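To start, the structure itself, in structure tokens.
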Amino acid sequence: MNKRLHTRLAFIIIGTATCILLISTLSVIIATHYHISMFHDQAAGMNHDVSQLDYHLEQALFQSIMLTFAGSIILAVLIGFYIAKRISRPLVDMKQAAERMSDGQLDTRVMIGGNDELAELGTSLNELAAQLHKQEQLRITMTGDIAHELRTPLATLKSHMRAFEDGVWEPTPERIHACFEEIERLTQMVAELEDLTHMDSPAFQLERKREPLNAILAQGVDLVAAAYLEKNVGLASRCSPNIQIFADRNRMIQIFVNLLSNALKFTPEHGQVQIEAAEEEQDVLIRVQDSGSGIGQEDLPYIFERFYRGDKSRNRKTGGSGLGLTIVKKLVTAHGGQVWAESTHGTTFMIRLPKENRLFLTNICSSTQDLHK
């Protein structure tokens, strides 16, 4: 990348030094010529006086040095103030914008022209402000969603307990089971929030090693098979026994269980869900495809956000806590992979995972290059 600011400053410094040398050279030439001319005028028709010549040479050197010093100081001051003003102005603007953003004015933007590093810094600051504004909106939405998610089961439990207390309802097994289900929802949501918090912490690490992918898929399918059988939804898996990945086995099972559970919620009775894996050059591509109603195109960019649901009514029959896909994205990213969704007829979740530990391989390559230097 062309460092325009670096180049500009380099040219200014080189130009300043060149001007100082030019002033010095001209001062020596002019002062020396002037005094030698005076000496010739004084010495015309007289014997040469060496001491007089020494005096004029000394004066010429002294005056040239003083002129060089004065001219250099004036030039340095003018260029210094000019550069300081040109560089400090956008920096002051960005400082003021940052202070406004720290006060909560996240719609603040800076306007900096040019193509140098200062302009790039201004662009980065604007992008940071946009991201902060987006995160603030997500935080507000998430806070409201958490309150809604907690309010619904707590209100149900409160109404049931009040009915039991007042003798309006008899504590039948069905009603006690309804209370138990609400408690289970609360427990699951708290556990998922704890898991997400742990994934966001610096202490979070994966226990990765080489694993056969078909065994991980089979274990994940076994864990959800009973739920699929109960809803009468078909579940098929296809994976070559030769495919191996460098992964955390338990976390990969968690990814597949979350995706398969999510597919089951949106697949109608007698529907079909299929999970398959195929090798690419350096990666493994995994598809989880269902025959459900699909996801609206306007919702696809947000389905991995916390508590996001395409169903704005947040009906529990059409979705869970809204954290399962967020956990999937966190874990796939931690493995160095990518996850995205496509929705035409039903929904297909795509996961691309590296077969090797790319970070480890990068370090080996860097060390090898260092040894050859």
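By convention here, the chains of the structure tokens are called A, B, ... in the order presented, each chain's residues are numbered starting at 1, and ligands are numbered starting at 1 in the order presented.
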Write down as a PyMOL selection string the residues belonging to stretch 170-355 of chain A that are assigned strand (DSSP E) by DSSP computed on the backbone.
chain A and resi 209-212+234-238+244-247+272-279+283-290+338-344+346-354
Spatial neighbours of A:Tyr308, max dist 7 Å, only C-alpha atoms, sep filter under 4 positions, as a VMD selection string
chain A and resid 302 to 303 322
Expected file contents, prior selection, C-alpha atoms, as a CSV table (one decimal), in the first residue's frame:
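Here's the written file again-v7.csv:
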```csv
chain,number,residue,atom,x,y,z
A,302,TYR,CA,-29.5,-11.8,11.3
A,303,ILE,CA,-30.2,-15.4,12.2
A,322,GLY,CA,-32.8,-17.7,20.0
```
Any chance you could list, as a ChimeraX atom specification, the residues in stretch 152-359 of chain A that come up alpha helix (DSSP H) when DSSP is run on the backbone?
/A:152-166,173-200,213-231,249-265,324-334,358-359
Excluding A:Ala236 and its own-chain neighbours fewer than 2 positions away, which residues fall within 8 Å of it when counting only C-alpha atoms? Please give them as a list of chain:residue names.
A:Gly234, A:Arg238, A:Gln272, A:Val273, A:Gln274, A:Ile275
Out of A:Leu125, A:Ile351, A:Leu150, A:Leu78, which residue has the shortest atom-to-atom distance to A:Val190 when counting only C-alpha atoms?
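For A:Val190, the nearest of the given residues is A:Leu150.
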Which of these, A:Gly324, A:Gly346, A:Pro241, A:Gly220, has the shortest distance to A:Gln289 once you count only C-alpha atoms?
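Residue with the minimum atom-to-atom distance to A:Gln289: A:Gly346.
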Got a sec: who's within 12 Å of A:Pro301, counting only C-alpha atoms, leaving out chain neighbours fewer than 2 positions off, as a PyMOL selection string?
chain A and resi 295-299+303-305+308-310+339-343
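Across the model, the gap from atom CA of A:Ala98 to atom CA of A:Glu120 is 15.4 Å.
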Please, which residues in stretch 49-113 of chain A fall within 7 Å of stretch 10-29 of chain A when counting only C-alpha atoms, and what is the closest atom pair and distance in Å to one decimal for each, ordered by chain then residue number, as a tab-separated table?
```
residue	atom	partner	partner_atom	distance
A:Leu61	CA	A:Val28	CA	6.5
A:Ser64	CA	A:Ser27	CA	4.6
A:Leu67	CA	A:Ser27	CA	6.4
A:Thr68	CA	A:Ser24	CA	4.9
A:Gly71	CA	A:Ile23	CA	6.9
A:Ser72	CA	A:Ile20	CA	5.6
```
Just-selected residues, N, CA and C atoms written as a CSV table (one decimal), in the first residue's frame:
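See out.csv below for the written result:
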```csv
chain,number,residue,atom,x,y,z
A,61,LEU,N,32.8,34.2,5.9
A,61,LEU,CA,32.3,33.0,6.5
A,61,LEU,C,31.4,33.3,7.7
A,64,SER,N,28.0,34.4,6.2
A,64,SER,CA,27.3,33.3,5.6
A,64,SER,C,26.7,32.3,6.6
A,67,LEU,N,23.6,34.1,8.1
A,67,LEU,CA,22.5,34.1,7.2
A,67,LEU,C,21.9,32.7,7.0
A,68,THR,N,22.8,31.7,7.0
A,68,THR,CA,22.3,30.3,6.9
A,68,THR,C,21.4,29.9,8.1
A,71,GLY,N,18.1,32.0,8.0
A,71,GLY,CA,17.2,31.5,7.0
A,71,GLY,C,16.7,30.1,7.3
A,72,SER,N,17.5,29.2,7.9
A,72,SER,CA,17.1,27.9,8.3
A,72,SER,C,16.0,27.9,9.4
```
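Computed from the coordinates, the atom CA of A:Leu132 to atom CA of A:Thr326 distance equals 19.2 Å.
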Between A:Gln244, A:Gln105, A:Thr347, A:Asn214, which residue has the minimum interatomic distance to A:Thr267, considering only C-alpha atoms?
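Counting only C-alpha atoms, the residue closest to A:Thr267 is A:Thr347.
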Could you produce a table of the residues of stretch 236-274 of chain A lying within 12 Å of stretch 196-210 of chain A, with the nearest pair of atoms per residue and their separation in Å rounded to one decimal, using only C-alpha atoms, ordered by chain and increasing residue number, as a tab-separated table?
```
residue	atom	partner	partner_atom	distance
A:Asn242	CA	A:Arg210	CA	12.0
A:Ile243	CA	A:Arg210	CA	10.2
A:Gln244	CA	A:Arg210	CA	6.5
A:Ile245	CA	A:Arg210	CA	5.6
A:Phe246	CA	A:Arg210	CA	4.4
A:Ala247	CA	A:Arg208	CA	4.4
A:Asp248	CA	A:Arg208	CA	4.3
A:Arg249	CA	A:Arg208	CA	7.4
A:Asn250	CA	A:Glu207	CA	8.8
A:Arg251	CA	A:Leu206	CA	8.0
A:Met252	CA	A:Arg208	CA	10.1
```
